[in-house]
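Undergrad: For reference, this is entry24.csv, and it has CSV, C-alpha atoms and all ligand atoms.
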```
chain,number,residue,atom,x,y,z
A,1,MET,CA,-26.2,8.4,42.9
A,2,GLN,CA,-25.1,11.5,40.8
A,3,LEU,CA,-21.7,13.0,41.3
A,4,ILE,CA,-21.7,16.8,41.5
A,5,ASP,CA,-18.9,17.9,39.2
A,6,GLY,CA,-17.6,21.2,40.7
A,7,LYS,CA,-14.6,21.3,38.3
A,8,ALA,CA,-16.8,21.2,35.2
A,9,THR,CA,-19.3,23.6,36.6
A,10,ALA,CA,-16.6,26.1,37.6
A,11,THR,CA,-15.0,25.8,34.1
A,12,ALA,CA,-18.4,26.6,32.5
A,13,ILE,CA,-19.0,29.6,34.8
A,14,LYS,CA,-15.5,31.0,34.2
A,15,ALA,CA,-16.2,30.7,30.4
A,16,GLU,CA,-19.4,32.6,30.9
A,17,ILE,CA,-17.6,35.3,32.9
A,18,ALA,CA,-14.9,35.6,30.2
A,19,GLU,CA,-17.6,36.2,27.6
A,20,GLU,CA,-19.1,39.0,29.7
A,21,VAL,CA,-15.7,40.6,30.2
A,22,LYS,CA,-15.1,40.5,26.5
A,23,ALA,CA,-18.5,42.3,25.9
A,24,ILE,CA,-17.7,44.9,28.6
A,25,MET,CA,-14.3,45.6,27.1
A,26,ALA,CA,-15.7,45.7,23.5
A,27,LYS,CA,-17.9,48.6,24.7
A,28,GLY,CA,-14.9,50.4,26.1
A,29,GLY,CA,-15.5,49.3,29.7
A,30,LYS,CA,-12.9,48.6,32.3
A,31,GLN,CA,-11.1,45.2,32.7
A,32,PRO,CA,-12.0,43.8,36.1
A,33,HIS,CA,-8.9,43.8,38.4
A,34,LEU,CA,-8.4,41.5,41.4
A,35,ALA,CA,-5.4,41.9,43.7
A,36,ALA,CA,-4.3,39.2,46.1
A,37,VAL,CA,-2.0,39.7,49.2
A,38,LEU,CA,-0.1,36.6,50.3
A,39,VAL,CA,1.9,36.7,53.5
A,40,GLY,CA,4.5,33.9,54.1
A,41,HIS,CA,4.9,30.6,52.4
A,42,ASP,CA,2.2,28.3,53.7
A,43,GLY,CA,1.8,25.5,51.2
A,44,GLY,CA,-2.0,25.6,51.1
A,45,SER,CA,-2.2,29.3,50.8
A,46,GLU,CA,0.4,29.3,48.0
A,47,THR,CA,-1.7,26.8,46.0
A,48,TYR,CA,-4.9,28.7,46.6
A,49,VAL,CA,-3.5,32.0,45.5
A,50,LYS,CA,-1.8,30.5,42.5
A,51,ASN,CA,-5.1,29.0,41.4
A,52,LYS,CA,-6.9,32.4,42.0
A,53,VAL,CA,-4.4,34.1,39.7
A,54,LEU,CA,-4.9,31.4,37.0
A,55,ALA,CA,-8.7,31.7,37.3
A,56,CYS,CA,-8.3,35.5,36.7
A,57,GLU,CA,-6.5,34.7,33.5
A,58,ALA,CA,-9.3,32.3,32.4
A,59,CYS,CA,-11.9,35.0,33.1
A,60,GLY,CA,-10.0,37.7,31.3
A,61,PHE,CA,-9.4,39.7,34.5
A,62,LYS,CA,-6.2,41.6,35.4
A,63,SER,CA,-4.6,40.3,38.5
A,64,THR,CA,-1.9,41.5,40.8
A,65,LEU,CA,-0.1,39.4,43.4
A,66,ILE,CA,1.5,41.2,46.3
A,67,ARG,CA,3.8,39.0,48.4
A,68,TYR,CA,5.3,39.6,51.9
A,69,GLU,CA,7.5,37.6,54.1
A,70,ASP,CA,5.9,36.4,57.4
A,71,ASP,CA,7.8,38.9,59.5
A,72,ILE,CA,5.8,41.8,58.0
A,73,THR,CA,4.3,44.0,60.7
A,74,GLU,CA,0.6,44.6,61.2
A,75,GLU,CA,1.2,48.3,60.4
A,76,GLU,CA,2.9,47.5,57.1
A,77,LEU,CA,0.0,45.1,56.1
A,78,LEU,CA,-2.5,47.8,57.1
A,79,ALA,CA,-0.6,50.3,54.9
A,80,CYS,CA,-0.9,47.8,52.0
A,81,VAL,CA,-4.6,47.4,52.6
A,82,ASP,CA,-5.0,51.2,52.6
A,83,LYS,CA,-3.1,51.6,49.4
A,84,LEU,CA,-5.3,49.0,47.7
A,85,ASN,CA,-8.5,50.6,49.1
A,86,LYS,CA,-7.4,53.9,47.4
A,87,ASP,CA,-6.2,52.4,44.1
A,88,ASP,CA,-8.9,53.2,41.6
A,89,ASP,CA,-7.7,50.5,39.2
A,90,VAL,CA,-8.2,47.7,41.8
A,91,ASP,CA,-11.9,46.6,41.8
A,92,GLY,CA,-11.5,44.0,44.5
A,93,PHE,CA,-8.8,42.4,46.6
A,94,ILE,CA,-8.2,39.6,49.1
A,95,VAL,CA,-5.7,39.1,51.9
A,96,GLN,CA,-5.2,35.3,52.0
A,97,LEU,CA,-5.8,33.8,55.4
A,98,PRO,CA,-4.4,32.5,57.8
A,99,LEU,CA,-2.1,35.3,58.7
A,100,PRO,CA,0.9,35.0,61.0
A,101,LYS,CA,0.0,34.9,64.7
A,102,HIS,CA,1.4,38.4,65.4
A,103,ILE,CA,-1.2,40.0,63.0
A,104,ASP,CA,-4.8,40.5,64.1
A,105,GLU,CA,-6.8,39.0,61.3
A,106,GLN,CA,-10.0,40.7,62.2
A,107,LYS,CA,-8.3,44.1,62.2
A,108,ILE,CA,-7.0,43.5,58.7
A,109,ILE,CA,-10.4,42.3,57.5
A,110,GLU,CA,-12.1,45.4,58.9
A,111,ALA,CA,-9.5,47.7,57.3
A,112,ILE,CA,-10.6,46.5,53.8
A,113,ASP,CA,-13.0,48.8,52.1
A,114,TYR,CA,-16.2,46.7,52.1
A,115,ARG,CA,-16.9,47.8,48.5
A,116,LYS,CA,-13.7,45.9,47.5
A,117,ASP,CA,-14.1,43.0,49.9
A,118,VAL,CA,-14.7,40.3,47.3
A,119,ASP,CA,-14.1,37.6,50.0
A,120,GLY,CA,-17.2,38.9,51.7
A,121,PHE,CA,-15.5,38.7,55.1
A,122,HIS,CA,-16.0,42.4,56.2
A,123,PRO,CA,-18.7,42.7,58.9
A,124,ILE,CA,-20.8,45.0,56.6
A,125,ASN,CA,-20.9,42.2,53.9
A,126,VAL,CA,-21.6,39.6,56.6
A,127,GLY,CA,-24.4,41.6,58.1
A,128,ARG,CA,-25.9,42.5,54.7
A,129,MET,CA,-25.8,38.8,53.7
A,130,ALA,CA,-27.5,37.9,57.0
A,131,ILE,CA,-30.5,40.1,56.2
A,132,GLY,CA,-30.7,39.2,52.5
A,133,LEU,CA,-29.3,42.5,51.1
A,134,PRO,CA,-27.1,42.7,47.9
A,135,CYS,CA,-23.5,42.2,49.0
A,136,PHE,CA,-20.3,40.1,48.4
A,137,ILE,CA,-21.1,36.6,49.7
A,138,SER,CA,-18.1,34.6,50.9
A,139,ALA,CA,-16.9,32.3,48.2
A,140,THR,CA,-17.4,28.8,49.5
A,141,PRO,CA,-21.0,29.2,50.6
A,142,LEU,CA,-21.8,31.0,47.3
A,143,GLY,CA,-20.1,28.2,45.4
A,144,ILE,CA,-22.2,25.6,47.2
A,145,ILE,CA,-25.5,27.5,46.6
A,146,THR,CA,-24.5,27.8,42.9
A,147,LEU,CA,-23.8,24.0,42.6
A,148,LEU,CA,-27.2,23.1,44.3
A,149,LYS,CA,-29.0,25.5,41.8
A,150,ARG,CA,-27.1,24.3,38.7
A,151,TYR,CA,-27.9,20.6,39.5
A,152,GLY,CA,-31.5,21.4,40.1
A,153,ILE,CA,-31.4,20.1,43.6
A,154,GLU,CA,-34.6,20.9,45.6
A,155,THR,CA,-33.7,22.6,48.9
A,156,SER,CA,-37.0,24.4,49.7
A,157,GLY,CA,-38.5,23.0,52.9
A,158,LYS,CA,-35.9,20.4,53.2
A,159,LYS,CA,-34.0,19.6,56.4
A,160,CYS,CA,-30.4,20.8,56.0
A,161,VAL,CA,-27.7,19.9,58.6
A,162,ILE,CA,-24.5,22.0,58.5
A,163,LEU,CA,-21.4,20.5,60.3
A,164,GLY,CA,-19.1,23.3,61.5
A,165,ARG,CA,-19.6,26.9,62.6
A,166,SER,CA,-16.6,28.8,61.1
A,167,ASN,CA,-17.0,32.4,60.0
A,168,ILE,CA,-15.9,31.5,56.5
A,169,VAL,CA,-18.2,28.5,55.8
A,170,GLY,CA,-20.5,27.2,58.6
A,171,LYS,CA,-22.1,30.4,59.7
A,172,PRO,CA,-22.7,32.0,56.3
A,173,MET,CA,-23.8,28.6,54.9
A,174,ALA,CA,-26.5,28.4,57.6
A,175,GLN,CA,-27.7,31.9,56.8
A,176,LEU,CA,-28.0,31.2,53.1
A,177,MET,CA,-29.6,27.8,53.4
A,178,MET,CA,-32.2,29.4,55.8
A,179,GLN,CA,-33.1,32.4,53.5
A,180,LYS,CA,-36.1,32.2,51.2
A,181,GLN,CA,-34.1,33.5,48.2
A,182,TYR,CA,-31.4,30.9,48.5
A,183,GLY,CA,-31.9,27.5,50.3
A,184,ASP,CA,-35.3,28.1,51.9
A,185,SER,CA,-34.5,25.1,54.1
A,186,THR,CA,-34.9,24.2,57.7
A,187,VAL,CA,-31.4,24.5,59.0
A,188,THR,CA,-29.6,22.9,61.9
A,189,VAL,CA,-25.9,23.7,62.7
A,190,CYS,CA,-23.9,21.0,64.5
A,191,HIS,CA,-20.3,21.3,65.8
A,192,SER,CA,-17.7,19.6,67.9
A,193,ARG,CA,-19.8,20.0,71.1
A,194,SER,CA,-23.2,18.9,69.6
A,195,LYS,CA,-24.6,15.9,71.6
A,196,THR,CA,-27.1,14.9,68.9
A,197,LEU,CA,-24.9,15.3,65.9
A,198,LYS,CA,-25.3,11.8,64.5
A,199,GLU,CA,-29.1,11.8,65.0
A,200,GLU,CA,-29.4,15.2,63.3
A,201,CYS,CA,-27.4,13.9,60.3
A,202,ARG,CA,-29.5,10.7,60.1
A,203,ALA,CA,-32.6,12.9,59.7
A,204,ALA,CA,-31.1,15.3,57.2
A,205,ASP,CA,-32.1,15.6,53.5
A,206,ILE,CA,-29.0,17.7,52.9
A,207,ILE,CA,-25.7,17.5,54.8
A,208,ILE,CA,-23.0,20.2,54.3
A,209,ALA,CA,-19.8,19.0,56.0
A,210,ALA,CA,-17.3,21.7,56.9
A,211,ILE,CA,-15.6,20.5,60.1
A,212,GLY,CA,-12.1,19.8,58.7
A,213,SER,CA,-12.1,16.3,60.2
A,214,PRO,CA,-11.1,13.7,57.5
A,215,GLU,CA,-13.8,11.0,56.8
A,216,PHE,CA,-15.9,12.1,59.7
A,217,VAL,CA,-19.2,11.5,58.1
A,218,THR,CA,-19.8,7.7,57.8
A,219,ALA,CA,-22.5,5.7,56.1
A,220,ASP,CA,-24.4,5.1,59.4
A,221,MET,CA,-24.9,8.9,59.7
A,222,VAL,CA,-26.6,9.3,56.3
A,223,LYS,CA,-30.1,8.5,55.3
A,224,ASP,CA,-30.9,7.0,51.9
A,225,GLY,CA,-31.3,9.6,49.1
A,226,ALA,CA,-29.5,12.4,51.0
A,227,VAL,CA,-27.6,15.1,49.3
A,228,ILE,CA,-24.0,15.4,50.6
A,229,VAL,CA,-21.8,18.4,50.1
A,230,ASP,CA,-18.2,17.9,51.3
A,231,VAL,CA,-16.2,21.1,52.1
A,232,GLY,CA,-13.3,19.3,53.8
A,233,THR,CA,-9.8,19.6,52.3
A,234,THR,CA,-7.4,18.2,54.9
A,235,ARG,CA,-3.9,17.3,53.7
A,236,VAL,CA,-3.4,13.7,54.8
A,237,PRO,CA,0.2,12.4,54.4
A,238,ASP,CA,0.5,9.9,51.5
A,239,ALA,CA,3.9,8.5,50.5
A,240,THR,CA,2.5,7.3,47.2
A,241,ARG,CA,1.9,10.8,45.9
A,242,LYS,CA,4.5,13.1,44.4
A,243,SER,CA,3.3,16.0,46.7
A,244,GLY,CA,3.5,13.7,49.8
A,245,PHE,CA,-0.1,14.2,50.7
A,246,ARG,CA,-3.6,13.8,49.4
A,247,LEU,CA,-6.6,16.0,49.9
A,248,THR,CA,-9.2,14.3,52.1
A,249,GLY,CA,-12.8,15.4,52.6
A,250,ASP,CA,-15.0,15.3,55.7
A,251,VAL,CA,-17.0,12.4,54.2
A,252,LYS,CA,-16.0,8.7,53.9
A,253,PHE,CA,-16.8,8.9,50.2
A,254,ASP,CA,-16.7,5.2,49.2
A,255,GLU,CA,-19.2,4.0,51.8
A,256,VAL,CA,-21.4,7.2,51.8
A,257,ALA,CA,-21.7,7.7,48.0
A,258,PRO,CA,-23.9,4.6,47.3
A,259,LYS,CA,-26.6,5.9,49.7
A,260,CYS,CA,-26.8,9.4,48.3
A,261,SER,CA,-28.9,11.1,45.6
A,262,PHE,CA,-26.1,13.6,45.0
A,263,ILE,CA,-22.6,13.9,46.4
A,264,THR,CA,-19.6,16.2,45.8
A,265,PRO,CA,-16.2,14.6,45.5
A,266,VAL,CA,-12.9,15.8,47.1
A,267,PRO,CA,-11.0,17.1,45.1
A,268,GLY,CA,-13.1,18.4,42.2
A,269,GLY,CA,-16.3,19.3,44.1
A,270,VAL,CA,-16.6,22.4,46.3
A,271,GLY,CA,-12.9,23.5,45.9
A,272,PRO,CA,-13.1,24.7,42.3
A,273,MET,CA,-16.4,26.4,42.9
A,274,THR,CA,-14.9,28.5,45.7
A,275,ILE,CA,-12.4,30.1,43.3
A,276,CYS,CA,-15.1,30.5,40.7
A,277,SER,CA,-17.3,32.4,43.2
A,278,LEU,CA,-14.4,34.8,43.9
A,279,MET,CA,-14.4,35.5,40.2
A,280,LYS,CA,-18.1,36.1,40.2
A,281,ASN,CA,-17.6,38.6,43.1
A,282,THR,CA,-14.7,40.3,41.2
A,283,LEU,CA,-16.9,40.7,38.1
A,284,ALA,CA,-19.6,42.2,40.3
A,285,ALA,CA,-17.0,44.5,41.9
A,286,GLY,CA,-15.8,45.6,38.4
A,287,LYS,CA,-19.4,46.4,37.4
A,288,LYS,CA,-20.1,48.2,40.7
A,289,GLU,CA,-23.1,45.9,41.0
A,290,TYR,CA,-23.7,46.2,44.8
A,291,TYR,CA,-21.9,49.4,45.8
A,292,LYS,CA,-21.2,52.6,43.9
B,1,LIG,N1,-8.2,31.0,53.4
B,1,LIG,C1,-8.9,29.9,53.2
B,1,LIG,N2,-10.0,30.2,52.5
B,1,LIG,C2,-9.9,31.5,52.2
B,1,LIG,C3,-10.7,32.4,51.4
B,1,LIG,O1,-11.7,32.1,50.8
B,1,LIG,N3,-10.2,33.7,51.3
B,1,LIG,C4,-9.1,34.1,52.0
B,1,LIG,N4,-8.7,35.4,51.8
B,1,LIG,N5,-8.3,33.3,52.7
B,1,LIG,C5,-8.7,32.0,52.8
```
Will you turn the file into structure tokens for me?
Ligand code: GUN

TA:
Amino acid sequence: MQLIDGKATATAIKAEIAEEVKAIMAKGGKQPHLAAVLVGHDGGSETYVKNKVLACEACGFKSTLIRYEDDITEEELLACVDKLNKDDDVDGFIVQLPLPKHIDEQKIIEAIDYRKDVDGFHPINVGRMAIGLPCFISATPLGIITLLKRYGIETSGKKCVILGRSNIVGKPMAQLMMQKQYGDSTVTVCHSRSKTLKEECRAADIIIAAIGSPEFVTADMVKDGAVIVDVGTTRVPDATRKSGFRLTGDVKFDEVAPKCSFITPVPGGVGPMTICSLMKNTLAAGKKEYYK
């Protein structure tokens, strides 16, 4: 069994990005600039956004954090998006999700200029990704594809089972694993209603677990030699930790790991790669790589 080290891979990629930024700026080019909008004080969102700002520093990007209390109106948030769309210094920006209930998330996502949508959530980016055109690909699926590639894991023609059908992970992951230029796999998507979920998993060469159910994937669901990618990051209460919780994946790691050829740990697997992919997208936005 080989552990897939997302943390080390992300650190290496961020160093590569920093080198490229240095070269761009040495030639008089513009420093890439990512803005992040954070509404409210959700613990998970605070951590993610803090880590995104730190990653910008590691890459040599400029970053701007815009904070609002959770009583901000939809109109005010739309006005902020409009301002960022028009700000020529901002190459890309994200609005951290989830948003408070009184704000229509989809409306906010669709208000973002798709050329600055480094999260890859705008329908134009989602649609272009689905038909294999250059675009911003959402960060978690892109991070997973990058990990599989960097570890030389063969995916072409393999049977890949994806657990979960979210817009952010499950659906785009299925699209990418299916496409010839990325996974080139035979893809099955299972979710909470799937009657044959266990059987599908047992037949899989690659399982990508993104259902948000701690330790859902057990050893009896995994065939010998399978590749396991764990996207789960549920905060499970743990009195022995200073934070009061521990991050728990969708895979029962201790019993599943011995059966695998490759497995991602939680934490230190997919998580760091997600932020690193956002940095890749921001660099591409700065270089106007996909859209003028
Ligand atoms: N919330 C959880 N993951 C993400 C992400 O990748 N981007 C944004 N904007 N919000 C999130």

Undergrad: Would you list the contacts of A:Arg235 as a list in words, taking every protein, DNA or RNA residue within 12 Å and counting all atoms listed in the file, but skipping same-chain residues closer than 6 positions in sequence?

TA: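 So the residues in contact are Gly43, Gly44, Gly212, Ser213, Pro214, Arg241, Ser243, Gly244, Phe245, Arg246, Leu247, Thr248, Gly249, Asp250, Val266 and Pro267 of chain A.
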
Undergrad: So how many Å separate atom CA of A:Ile228 and atom CA of A:Thr264, to one decimal?

TA: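 It comes out at 6.6 Å.
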
Undergrad: Would you mind telling me which residue in A:Pro98, A:Gly286, A:Gly152, A:Gly127 lies nearest to ligand LIG 1 (chain B) when using only C-alpha atoms and all ligand atoms?

TA: A:Pro98

Undergrad: Counting all atoms listed in the file, which protein, DNA or RNA residues come within 10 Å of ligand LIG 1 (chain B), given as a ChimeraX atom specification?

TA: /A:36-38,44-45,48-49,52,93-99,109,117-121,138-141,168-169,271,274-275,277-278

Undergrad: Which one of A:Gly164, A:Gly6, A:Gly183, A:Pro237 sits closest to A:Ala210 if you count all atoms listed in the file?

TA: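 Among the listed residues, the smallest separation from A:Ala210 belongs to A:Gly164.
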
Undergrad: In Å, how far is it from atom CA of A:Ile108 to atom CA of A:Cys135?

TA: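 Separating atom CA of A:Ile108 from atom CA of A:Cys135 is a distance of 19.2 Å.
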
Undergrad: Which residue out of A:Met279, A:Glu289, A:Gln175, A:Glu110 has the minimum interatomic distance to A:Ile131 when all atoms listed in the file are used?

TA: A:Gln175

Undergrad: Have a look at A:Glu215, A:Asp113, A:Asp224, A:Asp89 and name the one nearest to A:Asp254; count all atoms listed in the file.

TA: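 Distance minimum relative to A:Asp254 lands on A:Glu215.
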
Undergrad: Ranking A:Gly269, A:Cys276, A:Ser192, A:Ala239 by minimum distance to A:Ala15 and counting all atoms listed in the file, which one comes first?

TA: A:Cys276

Undergrad: Rank nothing, just name the residue among A:Leu78, A:Cys190, A:Ile207, A:Met178 nearest to A:Ser166, using all atoms listed in the file.

TA: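 Selected residue with least distance to A:Ser166: A:Cys190.
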
Undergrad: Please identify all polymer residues within 8 Å of stretch 145-149 of chain A, counting all atoms listed in the file, omitting same-chain residues fewer than 3 positions from it, and present them as a list in words.

TA: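 The neighbour list is Ile4, Gly6, Thr9, Pro141, Leu142, Gly152, Ile153, Glu154, Thr155, Leu176, Met177, Tyr182, Gly183 and Met273 of chain A.
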
Undergrad: Just give me the gap between atom CA of A:Glu199 and atom CA of A:Val187 in Å, one decimal is fine.

TA: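 We find that atom CA of A:Glu199 and atom CA of A:Val187 lie 14.2 Å from each other.
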